[in-house]
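File shown here: work_31.pdb, holding PDB, C-alpha atoms.
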ATOM      1  CA  MET A  25     -19.665   6.451  15.448  1.00  0.00           C
ATOM      2  CA  GLY A  26     -16.659   4.321  16.307  1.00  0.00           C
ATOM      3  CA  GLU A  27     -14.020   5.415  18.788  1.00  0.00           C
ATOM      4  CA  ARG A  28     -11.220   3.464  17.158  1.00  0.00           C
ATOM      5  CA  ALA A  29      -9.301   4.930  14.253  1.00  0.00           C
ATOM      6  CA  VAL A  30     -10.198   3.423  10.875  1.00  0.00           C
ATOM      7  CA  ALA A  31      -7.745   2.413   8.150  1.00  0.00           C
ATOM      8  CA  ILE A  32      -8.286   1.214   4.584  1.00  0.00           C
ATOM      9  CA  VAL A  33      -5.688  -1.265   3.299  1.00  0.00           C
ATOM     10  CA  THR A  34      -5.808  -2.323  -0.354  1.00  0.00           C
ATOM     11  CA  GLY A  35      -4.252  -5.544  -1.585  1.00  0.00           C
ATOM     12  CA  ALA A  36      -4.610  -7.041   1.894  1.00  0.00           C
ATOM     13  CA  SER A  37      -5.151 -10.687   0.906  1.00  0.00           C
ATOM     14  CA  ARG A  38      -1.513 -11.731   1.297  1.00  0.00           C
ATOM     15  CA  GLY A  39       2.101 -10.637   1.504  1.00  0.00           C
ATOM     16  CA  ILE A  40       2.971  -7.127   2.608  1.00  0.00           C
ATOM     17  CA  GLY A  41      -0.644  -5.933   2.511  1.00  0.00           C
ATOM     18  CA  ARG A  42      -1.865  -8.648   4.830  1.00  0.00           C
ATOM     19  CA  VAL A  43       0.914  -7.964   7.349  1.00  0.00           C
ATOM     20  CA  ILE A  44       0.165  -4.225   7.198  1.00  0.00           C
ATOM     21  CA  ALA A  45      -3.462  -5.040   8.020  1.00  0.00           C
ATOM     22  CA  GLU A  46      -2.393  -7.327  10.878  1.00  0.00           C
ATOM     23  CA  THR A  47      -0.025  -4.679  12.286  1.00  0.00           C
ATOM     24  CA  LEU A  48      -2.681  -1.965  12.218  1.00  0.00           C
ATOM     25  CA  ALA A  49      -5.229  -4.360  13.748  1.00  0.00           C
ATOM     26  CA  ALA A  50      -2.792  -5.118  16.561  1.00  0.00           C
ATOM     27  CA  GLY A  51      -2.510  -1.359  17.075  1.00  0.00           C
ATOM     28  CA  GLY A  52      -6.258  -1.097  17.624  1.00  0.00           C
ATOM     29  CA  TYR A  53      -7.473   0.132  14.247  1.00  0.00           C
ATOM     30  CA  ASP A  54     -10.770  -0.941  12.764  1.00  0.00           C
ATOM     31  CA  LEU A  55     -10.154  -1.878   9.138  1.00  0.00           C
ATOM     32  CA  ALA A  56     -11.621  -1.849   5.662  1.00  0.00           C
ATOM     33  CA  ILE A  57      -9.641  -4.261   3.523  1.00  0.00           C
ATOM     34  CA  CYS A  58      -9.927  -5.339  -0.093  1.00  0.00           C
ATOM     35  CA  GLY A  59      -8.379  -7.810  -2.472  1.00  0.00           C
ATOM     36  CA  THR A  60      -9.242  -9.453  -5.760  1.00  0.00           C
ATOM     37  CA  ARG A  61     -11.080 -12.546  -4.435  1.00  0.00           C
ATOM     38  CA  VAL A  62     -13.994 -12.144  -2.055  1.00  0.00           C
ATOM     39  CA  GLU A  63     -13.561 -15.535  -0.319  1.00  0.00           C
ATOM     40  CA  THR A  64      -9.883 -14.884   0.399  1.00  0.00           C
ATOM     41  CA  ILE A  65     -10.335 -11.373   1.734  1.00  0.00           C
ATOM     42  CA  GLN A  66     -13.242 -12.457   3.942  1.00  0.00           C
ATOM     43  CA  ARG A  67     -11.092 -15.225   5.451  1.00  0.00           C
ATOM     44  CA  VAL A  68      -8.438 -12.613   6.245  1.00  0.00           C
ATOM     45  CA  ALA A  69     -11.098 -10.372   7.809  1.00  0.00           C
ATOM     46  CA  ALA A  70     -12.432 -13.202  10.004  1.00  0.00           C
ATOM     47  CA  ALA A  71      -8.915 -14.006  11.223  1.00  0.00           C
ATOM     48  CA  LEU A  72      -8.220 -10.351  12.053  1.00  0.00           C
ATOM     49  CA  MET A  73     -11.467  -9.942  13.974  1.00  0.00           C
ATOM     50  CA  GLU A  74     -10.894 -13.125  15.957  1.00  0.00           C
ATOM     51  CA  ALA A  75      -7.267 -12.324  16.781  1.00  0.00           C
ATOM     52  CA  HIS A  76      -7.637  -8.639  17.636  1.00  0.00           C
ATOM     53  CA  GLY A  77     -11.282  -7.994  18.566  1.00  0.00           C
ATOM     54  CA  ILE A  78     -11.666  -5.260  15.975  1.00  0.00           C
ATOM     55  CA  GLU A  79     -14.280  -4.629  13.294  1.00  0.00           C
ATOM     56  CA  VAL A  80     -13.345  -5.348   9.672  1.00  0.00           C
ATOM     57  CA  LEU A  81     -15.204  -4.445   6.497  1.00  0.00           C
ATOM     58  CA  ALA A  82     -13.939  -6.636   3.639  1.00  0.00           C
ATOM     59  CA  ASP A  83     -14.759  -6.872  -0.048  1.00  0.00           C
ATOM     60  CA  ALA A  84     -13.341  -7.782  -3.443  1.00  0.00           C
ATOM     61  CA  VAL A  85     -12.599  -4.504  -5.222  1.00  0.00           C
ATOM     62  CA  ASP A  86     -11.002  -3.800  -8.589  1.00  0.00           C
ATOM     63  CA  VAL A  87      -9.014  -0.752  -7.485  1.00  0.00           C
ATOM     64  CA  ALA A  88      -8.284   0.076 -11.133  1.00  0.00           C
ATOM     65  CA  ASP A  89     -12.020   0.756 -11.553  1.00  0.00           C
ATOM     66  CA  ARG A  90     -12.617   4.315 -10.393  1.00  0.00           C
ATOM     67  CA  ALA A  91     -16.285   3.798  -9.514  1.00  0.00           C
ATOM     68  CA  ALA A  92     -15.551   0.607  -7.561  1.00  0.00           C
ATOM     69  CA  ALA A  93     -12.713   2.256  -5.646  1.00  0.00           C
ATOM     70  CA  GLN A  94     -14.791   5.296  -4.766  1.00  0.00           C
ATOM     71  CA  SER A  95     -17.740   3.131  -3.724  1.00  0.00           C
ATOM     72  CA  PHE A  96     -15.506   1.153  -1.341  1.00  0.00           C
ATOM     73  CA  VAL A  97     -14.297   4.377   0.312  1.00  0.00           C
ATOM     74  CA  GLN A  98     -17.866   5.666   0.629  1.00  0.00           C
ATOM     75  CA  ARG A  99     -19.064   2.388   2.192  1.00  0.00           C
ATOM     76  CA  THR A 100     -16.158   2.496   4.636  1.00  0.00           C
ATOM     77  CA  SER A 101     -16.817   6.090   5.674  1.00  0.00           C
ATOM     78  CA  LYS A 102     -20.552   5.444   6.091  1.00  0.00           C
ATOM     79  CA  HIS A 103     -20.075   2.166   7.982  1.00  0.00           C
ATOM     80  CA  PHE A 104     -17.545   3.431  10.521  1.00  0.00           C
ATOM     81  CA  GLY A 105     -18.475   7.118  10.604  1.00  0.00           C
ATOM     82  CA  ARG A 106     -14.837   8.110  10.181  1.00  0.00           C
ATOM     83  CA  LEU A 107     -11.798   7.479   8.011  1.00  0.00           C
ATOM     84  CA  ASP A 108      -8.307   8.122   9.350  1.00  0.00           C
ATOM     85  CA  VAL A 109      -5.781   6.233   7.217  1.00  0.00           C
ATOM     86  CA  LEU A 110      -5.528   5.040   3.621  1.00  0.00           C
ATOM     87  CA  VAL A 111      -2.806   2.540   2.704  1.00  0.00           C
ATOM     88  CA  ASN A 112      -2.499   2.176  -1.071  1.00  0.00           C
ATOM     89  CA  ASN A 113      -0.766  -1.196  -1.290  1.00  0.00           C
ATOM     90  CA  ALA A 114      -2.481  -3.033  -4.174  1.00  0.00           C
ATOM     91  CA  GLY A 115      -0.164  -3.801  -7.067  1.00  0.00           C
ATOM     92  CA  ILE A 116       0.564  -6.228  -9.893  1.00  0.00           C
ATOM     93  CA  THR A 117       3.449  -7.044 -12.210  1.00  0.00           C
ATOM     94  CA  ARG A 118       3.356  -7.887 -15.922  1.00  0.00           C
ATOM     95  CA  ASP A 119       7.058  -8.129 -16.675  1.00  0.00           C
ATOM     96  CA  GLY A 120       8.603  -8.086 -20.120  1.00  0.00           C
ATOM     97  CA  LEU A 121      11.339  -6.372 -22.090  1.00  0.00           C
ATOM     98  CA  ALA A 122      10.387  -2.949 -23.452  1.00  0.00           C
ATOM     99  CA  MET A 123      10.795  -4.004 -27.089  1.00  0.00           C
ATOM    100  CA  ARG A 124       8.171  -6.724 -26.714  1.00  0.00           C
ATOM    101  CA  MET A 125       5.904  -5.336 -23.991  1.00  0.00           C
ATOM    102  CA  LYS A 126       2.249  -5.601 -24.932  1.00  0.00           C
ATOM    103  CA  GLU A 127       0.099  -2.527 -24.601  1.00  0.00           C
ATOM    104  CA  GLU A 128      -2.366  -4.397 -22.388  1.00  0.00           C
ATOM    105  CA  ASP A 129       0.467  -5.257 -19.978  1.00  0.00           C
ATOM    106  CA  TRP A 130       1.476  -1.601 -19.798  1.00  0.00           C
ATOM    107  CA  ASP A 131      -2.133  -0.482 -19.308  1.00  0.00           C
ATOM    108  CA  ALA A 132      -2.955  -3.091 -16.655  1.00  0.00           C
ATOM    109  CA  VAL A 133       0.035  -2.229 -14.466  1.00  0.00           C
ATOM    110  CA  ILE A 134      -0.475   1.529 -14.738  1.00  0.00           C
ATOM    111  CA  ALA A 135      -4.197   1.171 -13.989  1.00  0.00           C
ATOM    112  CA  THR A 136      -3.799  -1.119 -10.972  1.00  0.00           C
ATOM    113  CA  ASN A 137      -0.634   0.337  -9.464  1.00  0.00           C
ATOM    114  CA  LEU A 138      -0.867   4.050 -10.263  1.00  0.00           C
ATOM    115  CA  SER A 139      -4.370   5.109 -11.286  1.00  0.00           C
ATOM    116  CA  SER A 140      -5.806   3.280  -8.271  1.00  0.00           C
ATOM    117  CA  VAL A 141      -3.747   5.475  -5.953  1.00  0.00           C
ATOM    118  CA  PHE A 142      -5.337   8.536  -7.539  1.00  0.00           C
ATOM    119  CA  HIS A 143      -8.866   7.066  -7.378  1.00  0.00           C
ATOM    120  CA  LEU A 144      -8.629   6.090  -3.716  1.00  0.00           C
ATOM    121  CA  SER A 145      -6.710   9.164  -2.569  1.00  0.00           C
ATOM    122  CA  GLN A 146      -9.205  11.455  -4.251  1.00  0.00           C
ATOM    123  CA  ALA A 147     -12.092   9.595  -2.621  1.00  0.00           C
ATOM    124  CA  VAL A 148     -10.710   9.878   0.935  1.00  0.00           C
ATOM    125  CA  LEU A 149      -9.958  13.594   0.724  1.00  0.00           C
ATOM    126  CA  LYS A 150     -13.477  14.804   1.546  1.00  0.00           C
ATOM    127  CA  PRO A 151     -13.895  12.826   4.792  1.00  0.00           C
ATOM    128  CA  MET A 152     -10.308  13.595   5.820  1.00  0.00           C
ATOM    129  CA  MET A 153     -10.733  17.312   5.095  1.00  0.00           C
ATOM    130  CA  ARG A 154     -13.935  17.370   7.144  1.00  0.00           C
ATOM    131  CA  ALA A 155     -12.026  15.800  10.039  1.00  0.00           C
ATOM    132  CA  LYS A 156      -9.052  18.152   9.421  1.00  0.00           C
ATOM    133  CA  LYS A 157      -6.681  15.209   9.696  1.00  0.00           C
ATOM    134  CA  GLY A 158      -5.704  12.079   7.855  1.00  0.00           C
ATOM    135  CA  ARG A 159      -2.885   9.856   6.669  1.00  0.00           C
ATOM    136  CA  ILE A 160      -2.347   8.632   3.107  1.00  0.00           C
ATOM    137  CA  ILE A 161       0.458   6.072   2.787  1.00  0.00           C
ATOM    138  CA  ASN A 162       1.451   4.735  -0.618  1.00  0.00           C
ATOM    139  CA  VAL A 163       3.507   1.583  -1.145  1.00  0.00           C
ATOM    140  CA  SER A 164       6.145   2.208  -3.821  1.00  0.00           C
ATOM    141  CA  SER A 165       9.274   0.132  -4.529  1.00  0.00           C
ATOM    142  CA  VAL A 166      13.040   0.451  -4.584  1.00  0.00           C
ATOM    143  CA  VAL A 167      12.871   0.027  -8.378  1.00  0.00           C
ATOM    144  CA  ALA A 168      11.285   3.481  -8.668  1.00  0.00           C
ATOM    145  CA  SER A 169      14.731   4.831  -7.758  1.00  0.00           C
ATOM    146  CA  MET A 170      17.106   2.292  -9.290  1.00  0.00           C
ATOM    147  CA  GLY A 171      15.152   0.887 -12.237  1.00  0.00           C
ATOM    148  CA  ASN A 172      14.929  -2.770 -13.205  1.00  0.00           C
ATOM    149  CA  PRO A 173      15.226  -4.372 -16.639  1.00  0.00           C
ATOM    150  CA  GLY A 174      12.029  -6.054 -17.775  1.00  0.00           C
ATOM    151  CA  GLN A 175       9.875  -3.916 -15.486  1.00  0.00           C
ATOM    152  CA  LEU A 176       9.393  -0.708 -17.464  1.00  0.00           C
ATOM    153  CA  ASN A 177       5.682  -0.590 -16.632  1.00  0.00           C
ATOM    154  CA  TYR A 178       6.128  -1.456 -12.956  1.00  0.00           C
ATOM    155  CA  CYS A 179       8.974   1.023 -12.459  1.00  0.00           C
ATOM    156  CA  ALA A 180       6.984   3.764 -14.191  1.00  0.00           C
ATOM    157  CA  SER A 181       3.965   3.071 -11.979  1.00  0.00           C
ATOM    158  CA  LYS A 182       6.017   3.226  -8.784  1.00  0.00           C
ATOM    159  CA  GLY A 183       7.907   6.349  -9.882  1.00  0.00           C
ATOM    160  CA  GLY A 184       4.549   7.948 -10.593  1.00  0.00           C
ATOM    161  CA  ILE A 185       3.335   7.045  -7.116  1.00  0.00           C
ATOM    162  CA  GLU A 186       6.296   8.861  -5.567  1.00  0.00           C
ATOM    163  CA  ALA A 187       5.730  11.988  -7.675  1.00  0.00           C
ATOM    164  CA  MET A 188       2.013  11.916  -6.823  1.00  0.00           C
ATOM    165  CA  THR A 189       2.884  11.550  -3.136  1.00  0.00           C
ATOM    166  CA  ARG A 190       4.915  14.770  -3.154  1.00  0.00           C
ATOM    167  CA  SER A 191       2.351  16.725  -5.163  1.00  0.00           C
ATOM    168  CA  LEU A 192      -0.618  15.675  -3.030  1.00  0.00           C
ATOM    169  CA  ALA A 193       1.334  16.344   0.169  1.00  0.00           C
ATOM    170  CA  ARG A 194       1.727  19.970  -0.947  1.00  0.00           C
ATOM    171  CA  GLU A 195      -1.972  20.246  -1.791  1.00  0.00           C
ATOM    172  CA  VAL A 196      -3.461  18.909   1.430  1.00  0.00           C
ATOM    173  CA  GLY A 197      -0.883  19.663   4.123  1.00  0.00           C
ATOM    174  CA  SER A 198      -2.781  22.754   5.243  1.00  0.00           C
ATOM    175  CA  ARG A 199      -5.798  20.514   5.952  1.00  0.00           C
ATOM    176  CA  GLY A 200      -3.885  18.381   8.447  1.00  0.00           C
ATOM    177  CA  ILE A 201      -3.438  15.479   6.011  1.00  0.00           C
ATOM    178  CA  THR A 202      -0.017  13.902   5.509  1.00  0.00           C
ATOM    179  CA  VAL A 203       0.931  11.944   2.385  1.00  0.00           C
ATOM    180  CA  ASN A 204       3.980   9.670   2.365  1.00  0.00           C
ATOM    181  CA  ALA A 205       5.329   6.637   0.542  1.00  0.00           C
ATOM    182  CA  VAL A 206       7.175   3.530   1.692  1.00  0.00           C
ATOM    183  CA  ALA A 207       9.556   1.923  -0.823  1.00  0.00           C
ATOM    184  CA  PRO A 208      10.346  -1.719   0.004  1.00  0.00           C
ATOM    185  CA  GLY A 209      13.374  -3.493  -1.408  1.00  0.00           C
ATOM    186  CA  PHE A 210      13.479  -7.281  -1.778  1.00  0.00           C
ATOM    187  CA  ILE A 211      10.950  -8.645   0.723  1.00  0.00           C
ATOM    188  CA  ALA A 212      10.397 -12.319   1.557  1.00  0.00           C
ATOM    189  CA  THR A 213       6.833 -13.079   0.436  1.00  0.00           C
ATOM    190  CA  ASP A 214       4.979 -15.902  -1.333  1.00  0.00           C
ATOM    191  CA  MET A 215       6.116 -14.404  -4.637  1.00  0.00           C
ATOM    192  CA  THR A 216       9.839 -14.356  -3.773  1.00  0.00           C
ATOM    193  CA  ALA A 217       9.593 -17.821  -2.167  1.00  0.00           C
ATOM    194  CA  GLU A 218       8.907 -19.234  -5.622  1.00  0.00           C
ATOM    195  CA  LEU A 219      12.335 -18.038  -6.808  1.00  0.00           C
ATOM    196  CA  GLY A 220      14.203 -20.755  -4.870  1.00  0.00           C
ATOM    197  CA  GLU A 221      17.192 -20.723  -2.505  1.00  0.00           C
ATOM    198  CA  GLU A 222      19.823 -19.960  -5.141  1.00  0.00           C
ATOM    199  CA  ALA A 223      18.003 -16.849  -6.343  1.00  0.00           C
ATOM    200  CA  HIS A 224      17.485 -15.794  -2.703  1.00  0.00           C
ATOM    201  CA  ALA A 225      21.219 -16.038  -2.094  1.00  0.00           C
ATOM    202  CA  ARG A 226      21.964 -13.917  -5.171  1.00  0.00           C
ATOM    203  CA  LEU A 227      19.501 -11.284  -4.024  1.00  0.00           C
ATOM    204  CA  ALA A 228      20.846 -11.265  -0.455  1.00  0.00           C
ATOM    205  CA  ALA A 229      24.394 -10.759  -1.805  1.00  0.00           C
ATOM    206  CA  GLN A 230      23.276  -7.370  -3.224  1.00  0.00           C
ATOM    207  CA  ILE A 231      22.032  -6.164   0.167  1.00  0.00           C
ATOM    208  CA  PRO A 232      24.428  -4.724   2.784  1.00  0.00           C
ATOM    209  CA  LEU A 233      22.383  -6.250   5.618  1.00  0.00           C
ATOM    210  CA  GLY A 234      22.809  -9.620   3.908  1.00  0.00           C
ATOM    211  CA  ARG A 235      19.192 -10.765   3.888  1.00  0.00           C
ATOM    212  CA  LEU A 236      15.814 -10.137   2.338  1.00  0.00           C
ATOM    213  CA  GLY A 237      13.428  -8.003   4.337  1.00  0.00           C
ATOM    214  CA  GLU A 238      10.306  -9.290   6.059  1.00  0.00           C
ATOM    215  CA  PRO A 239       6.809  -7.893   5.438  1.00  0.00           C
ATOM    216  CA  ALA A 240       6.828  -6.817   9.104  1.00  0.00           C
ATOM    217  CA  ASP A 241       9.767  -4.484   8.344  1.00  0.00           C
ATOM    218  CA  VAL A 242       7.565  -2.603   5.879  1.00  0.00           C
ATOM    219  CA  ALA A 243       4.431  -2.773   8.022  1.00  0.00           C
ATOM    220  CA  ALA A 244       6.254  -1.207  10.989  1.00  0.00           C
ATOM    221  CA  VAL A 245       7.094   1.875   8.914  1.00  0.00           C
ATOM    222  CA  VAL A 246       3.520   2.106   7.631  1.00  0.00           C
ATOM    223  CA  ALA A 247       2.200   1.920  11.194  1.00  0.00           C
ATOM    224  CA  PHE A 248       4.606   4.665  12.261  1.00  0.00           C
ATOM    225  CA  LEU A 249       3.566   6.941   9.383  1.00  0.00           C
ATOM    226  CA  ALA A 250      -0.080   6.341  10.339  1.00  0.00           C
ATOM    227  CA  SER A 251       0.558   7.329  13.953  1.00  0.00           C
ATOM    228  CA  ASP A 252       0.510  10.660  15.767  1.00  0.00           C
ATOM    229  CA  GLN A 253       4.299  10.404  16.113  1.00  0.00           C
ATOM    230  CA  ALA A 254       4.617  11.034  12.360  1.00  0.00           C
ATOM    231  CA  ALA A 255       2.471  14.185  12.336  1.00  0.00           C
ATOM    232  CA  TYR A 256       5.329  16.371  11.014  1.00  0.00           C
ATOM    233  CA  ILE A 257       6.408  14.021   8.216  1.00  0.00           C
ATOM    234  CA  THR A 258       4.870  14.533   4.774  1.00  0.00           C
ATOM    235  CA  GLY A 259       5.871  14.269   1.129  1.00  0.00           C
ATOM    236  CA  GLN A 260       8.561  11.720   1.951  1.00  0.00           C
ATOM    237  CA  VAL A 261       9.596   8.364   0.508  1.00  0.00           C
ATOM    238  CA  ILE A 262      10.906   6.059   3.255  1.00  0.00           C
ATOM    239  CA  HIS A 263      13.141   3.300   1.895  1.00  0.00           C
ATOM    240  CA  VAL A 264      12.999  -0.097   3.601  1.00  0.00           C
ATOM    241  CA  ASN A 265      15.598  -2.064   1.658  1.00  0.00           C
ATOM    242  CA  GLY A 266      18.450  -3.173   3.921  1.00  0.00           C
ATOM    243  CA  GLY A 267      20.809  -0.689   2.248  1.00  0.00           C
ATOM    244  CA  MET A 268      20.322  -2.143  -1.236  1.00  0.00           C
ATOM    245  CA  TYR A 269      19.774   1.373  -2.598  1.00  0.00           C
ATOM    246  CA  MET A 270      21.151   4.476  -0.887  1.00  0.00           C
TER     247      MET A 270
END

Can you give me the file's structure in the form of structure tokens?
Amino acid sequence: MGERAVAIVTGASRGIGRVIAETLAAGGYDLAICGTRVETIQRVAAALMEAHGIEVLADAVDVADRAAAQSFVQRTSKHFGRLDVLVNNAGITRDGLAMRMKEEDWDAVIATNLSSVFHLSQAVLKPMMRAKKGRIINVSSVVASMGNPGQLNYCASKGGIEAMTRSLAREVGSRGITVNAVAPGFIATDMTAELGEEAHARLAAQIPLGRLGEPADVAAVVAFLASDQAAYITGQVIHVNGGMYM
């Protein structure tokens, strides 16, 4: 049975998820990480182990598949003998105006972004309840609060995450488990890099701090919510958006 705390991070191949994994690894957590491509996620795992001297379990997991998600949690719990933190970060976009949005684009986003949070959260409850402690941290988005044209499915999925966060926090608080969400604003990642400098400038002009956020800004809040210092915080949505939405 490992002495280090163990965290699951979904969608850890790149962007915010990868930096969350790196931040937790630097804090001494052993990790179970998943993404969509096995070669990519295993490369991330090897880099984390080499840089931080931790143990990493890595696999390609379709988090929208309930059985696959539950199996990943069970393997993690069995492998490490404990499970302390779940970070539900995996997410996709399938943008389009409401009038023309295809049903498969609605279904895919809801399944990957929202249903996966239910599947994974449900699966970690038993080991966390046995331990009488645990942290569930869900990655939402600023658009859950402010909306965004062309992202009806994505906004609905993130709004659902925030409602689920509050409901589950009420259910499991008496068992020593906290449930919170982090809502990033515009964050500089591979995806936003493709937008170009002009689009970046337009986005930055909407933000009181005058710049896009960094994945590390989000990861720092996740690490705090995972820590003992956040033991009395539950059912909350922490916005990390440079003042873009208040």

query: So which residues touch Arg235 of chain A within 9 Å, counting all atoms listed in the file, skipping near sequence neighbours fewer than 2 positions away, as a list in words?
result: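 Close residues of Arg235 of chain A: Phe210, His224, Ala225, Leu227, Ala228, Ala229, Gln230, Ile231, Pro232, Leu233, Gly237 and Gly266 of chain A.
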
Write the selection just made, keeping C-alpha atoms, as a PDB file, in the frame of the given file?
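Output file result36.pdb follows:
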ATOM      1  CA  PHE A 210      13.479  -7.281  -1.778  1.00  0.00           C
ATOM      2  CA  HIS A 224      17.485 -15.794  -2.703  1.00  0.00           C
ATOM      3  CA  ALA A 225      21.219 -16.038  -2.094  1.00  0.00           C
ATOM      4  CA  LEU A 227      19.501 -11.284  -4.024  1.00  0.00           C
ATOM      5  CA  ALA A 228      20.846 -11.265  -0.455  1.00  0.00           C
ATOM      6  CA  ALA A 229      24.394 -10.759  -1.805  1.00  0.00           C
ATOM      7  CA  GLN A 230      23.276  -7.370  -3.224  1.00  0.00           C
ATOM      8  CA  ILE A 231      22.032  -6.164   0.167  1.00  0.00           C
ATOM      9  CA  PRO A 232      24.428  -4.724   2.784  1.00  0.00           C
ATOM     10  CA  LEU A 233      22.383  -6.250   5.618  1.00  0.00           C
ATOM     11  CA  GLY A 237      13.428  -8.003   4.337  1.00  0.00           C
ATOM     12  CA  GLY A 266      18.450  -3.173   3.921  1.00  0.00           C
TER      13      GLY A 266
END

Using all atoms listed in the file, what does the table of segment 126-229 of chain A residues within 12 Å of segment 40-57 of chain A look like, with each row giving the shortest atom pair and its distance in Å to one decimal, sorted by chain and ascending number, as a Markdown table?
| residue | atom | partner | partner_atom | distance |
| --- | --- | --- | --- | --- |
| A:Ile161 | CA | A:Ile44 | CA | 11.2 |
| A:Asn162 | CA | A:Gly41 | CA | 11.3 |
| A:Val163 | CA | A:Gly41 | CA | 9.3 |
| A:Ser164 | CA | A:Ile40 | CA | 11.8 |
| A:Ser165 | CA | A:Ile40 | CA | 12.0 |
| A:Val206 | CA | A:Ile40 | CA | 11.5 |
| A:Ala207 | CA | A:Ile40 | CA | 11.7 |
| A:Pro208 | CA | A:Ile40 | CA | 9.5 |
| A:Gly209 | CA | A:Ile40 | CA | 11.7 |
| A:Phe210 | CA | A:Ile40 | CA | 11.4 |
| A:Ile211 | CA | A:Ile40 | CA | 8.3 |
| A:Ala212 | CA | A:Ile40 | CA | 9.1 |
| A:Thr213 | CA | A:Ile40 | CA | 7.4 |
| A:Asp214 | CA | A:Ile40 | CA | 9.8 |
| A:Met215 | CA | A:Ile40 | CA | 10.7 |
| A:Thr216 | CA | A:Ile40 | CA | 11.8 |

Report as a CSV table (one decimal) with C-alpha atoms, keeping the file's coordinate frame the full result of the PyMOL selection byres ((chain A and resi 119) around 12) when it is applied to this structure.
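The resulting result39.csv:
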chain,number,residue,atom,x,y,z
A,116,ILE,CA,0.6,-6.2,-9.9
A,117,THR,CA,3.4,-7.0,-12.2
A,118,ARG,CA,3.4,-7.9,-15.9
A,120,GLY,CA,8.6,-8.1,-20.1
A,121,LEU,CA,11.3,-6.4,-22.1
A,122,ALA,CA,10.4,-2.9,-23.5
A,123,MET,CA,10.8,-4.0,-27.1
A,124,ARG,CA,8.2,-6.7,-26.7
A,125,MET,CA,5.9,-5.3,-24.0
A,126,LYS,CA,2.2,-5.6,-24.9
A,127,GLU,CA,0.1,-2.5,-24.6
A,128,GLU,CA,-2.4,-4.4,-22.4
A,129,ASP,CA,0.5,-5.3,-20.0
A,130,TRP,CA,1.5,-1.6,-19.8
A,132,ALA,CA,-3.0,-3.1,-16.7
A,133,VAL,CA,0.0,-2.2,-14.5
A,172,ASN,CA,14.9,-2.8,-13.2
A,173,PRO,CA,15.2,-4.4,-16.6
A,174,GLY,CA,12.0,-6.1,-17.8
A,175,GLN,CA,9.9,-3.9,-15.5
A,176,LEU,CA,9.4,-0.7,-17.5
A,177,ASN,CA,5.7,-0.6,-16.6
A,178,TYR,CA,6.1,-1.5,-13.0
A,179,CYS,CA,9.0,1.0,-12.5

Residues matched by the PyMOL selection byres ((chain A and resi 92-104) around 9) as a PyMOL selection string: chain A and resi 25-26+30+32+54-56+58+81+83+85-91+105-107+140+143-144+146-148+151

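Minimum atom-to-atom distances from A:Ser145, A:Met73, A:Leu249, A:Gly115 to Thr60 of chain A were compared using only C-alpha atoms, and the lowest value belongs to A:Gly115.
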
Two-atom distance - atom CA of Ala247 of chain A, atom CA of Ser139 of chain A (Å):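 Atom-to-atom, atom CA of Ala247 of chain A to atom CA of Ser139 of chain A, that is 23.6 Å.
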
Proximity to Met152 of chain A - best of A:Val166, A:Ile201, A:Val68, A:Met270, all atoms listed in the file: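 Among the listed residues, the smallest separation from Met152 of chain A belongs to A:Ile201.
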
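The gap separating atom CA of Arg28 of chain A from atom CA of Ile65 of chain A is 21.4 Å, in Å to one decimal.
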
query: Neighbours of Leu192 of chain A within 10 Å (all atoms listed in the file; same-chain residues fewer than 3 positions away dropped), as a list in words?
result: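 Within the cut-off, the hits are Phe142, Ser145, Gln146, Ile160, Ala187, Met188, Thr189, Glu195, Val196, Gly197, Ile201, Thr202, Val203, Asn204, Thr258 and Gly259 of chain A.
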
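The coordinates place atom CA of Val245 of chain A at 8.0 Å from atom CA of Ile262 of chain A.
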
task: Name the closest residue to Glu238 of chain A among the candidates A:Thr136, A:Asn265, A:Gln260, A:Ser169; distances are taken between atoms, counting only C-alpha atoms.
output: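 Of A:Thr136, A:Asn265, A:Gln260, A:Ser169, the one nearest Glu238 of chain A, counting only C-alpha atoms, is A:Asn265.
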
Produce the centre coordinates and the three edge lengths, each in Å to one decimal, of the box along x, y and z that contains all listed atoms of segment 90-104 of chain A with 4 Å added on each side, as lines of an AutoDock Vina configuration file.
center_x = -16.6
center_y = 3.3
center_z = 0.1
size_x = 15.9
size_y = 13.5
size_z = 28.9

message: Could you check the closest approach to Ala250 of chain A for each of A:Ala114, A:Val80, A:Ala205, A:Ala193 and tell me which residue wins, using all atoms listed in the file?
response: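 Among A:Ala114, A:Val80, A:Ala205, A:Ala193, it is A:Ala205 that comes nearest to Ala250 of chain A.
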
query: So, counting all atoms listed in the file, which residue among A:Gly59, A:Gly184, A:Gly200, A:Gly234 is closest to Lys156 of chain A?
result: A:Gly200

- prompt: Pick the closest to Leu149 of chain A from A:Arg199, A:His76, A:Arg67, A:Arg226: which is it, counting all atoms listed in the file?
  reply: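 Comparing A:Arg199, A:His76, A:Arg67, A:Arg226 against Leu149 of chain A, the winner is A:Arg199.
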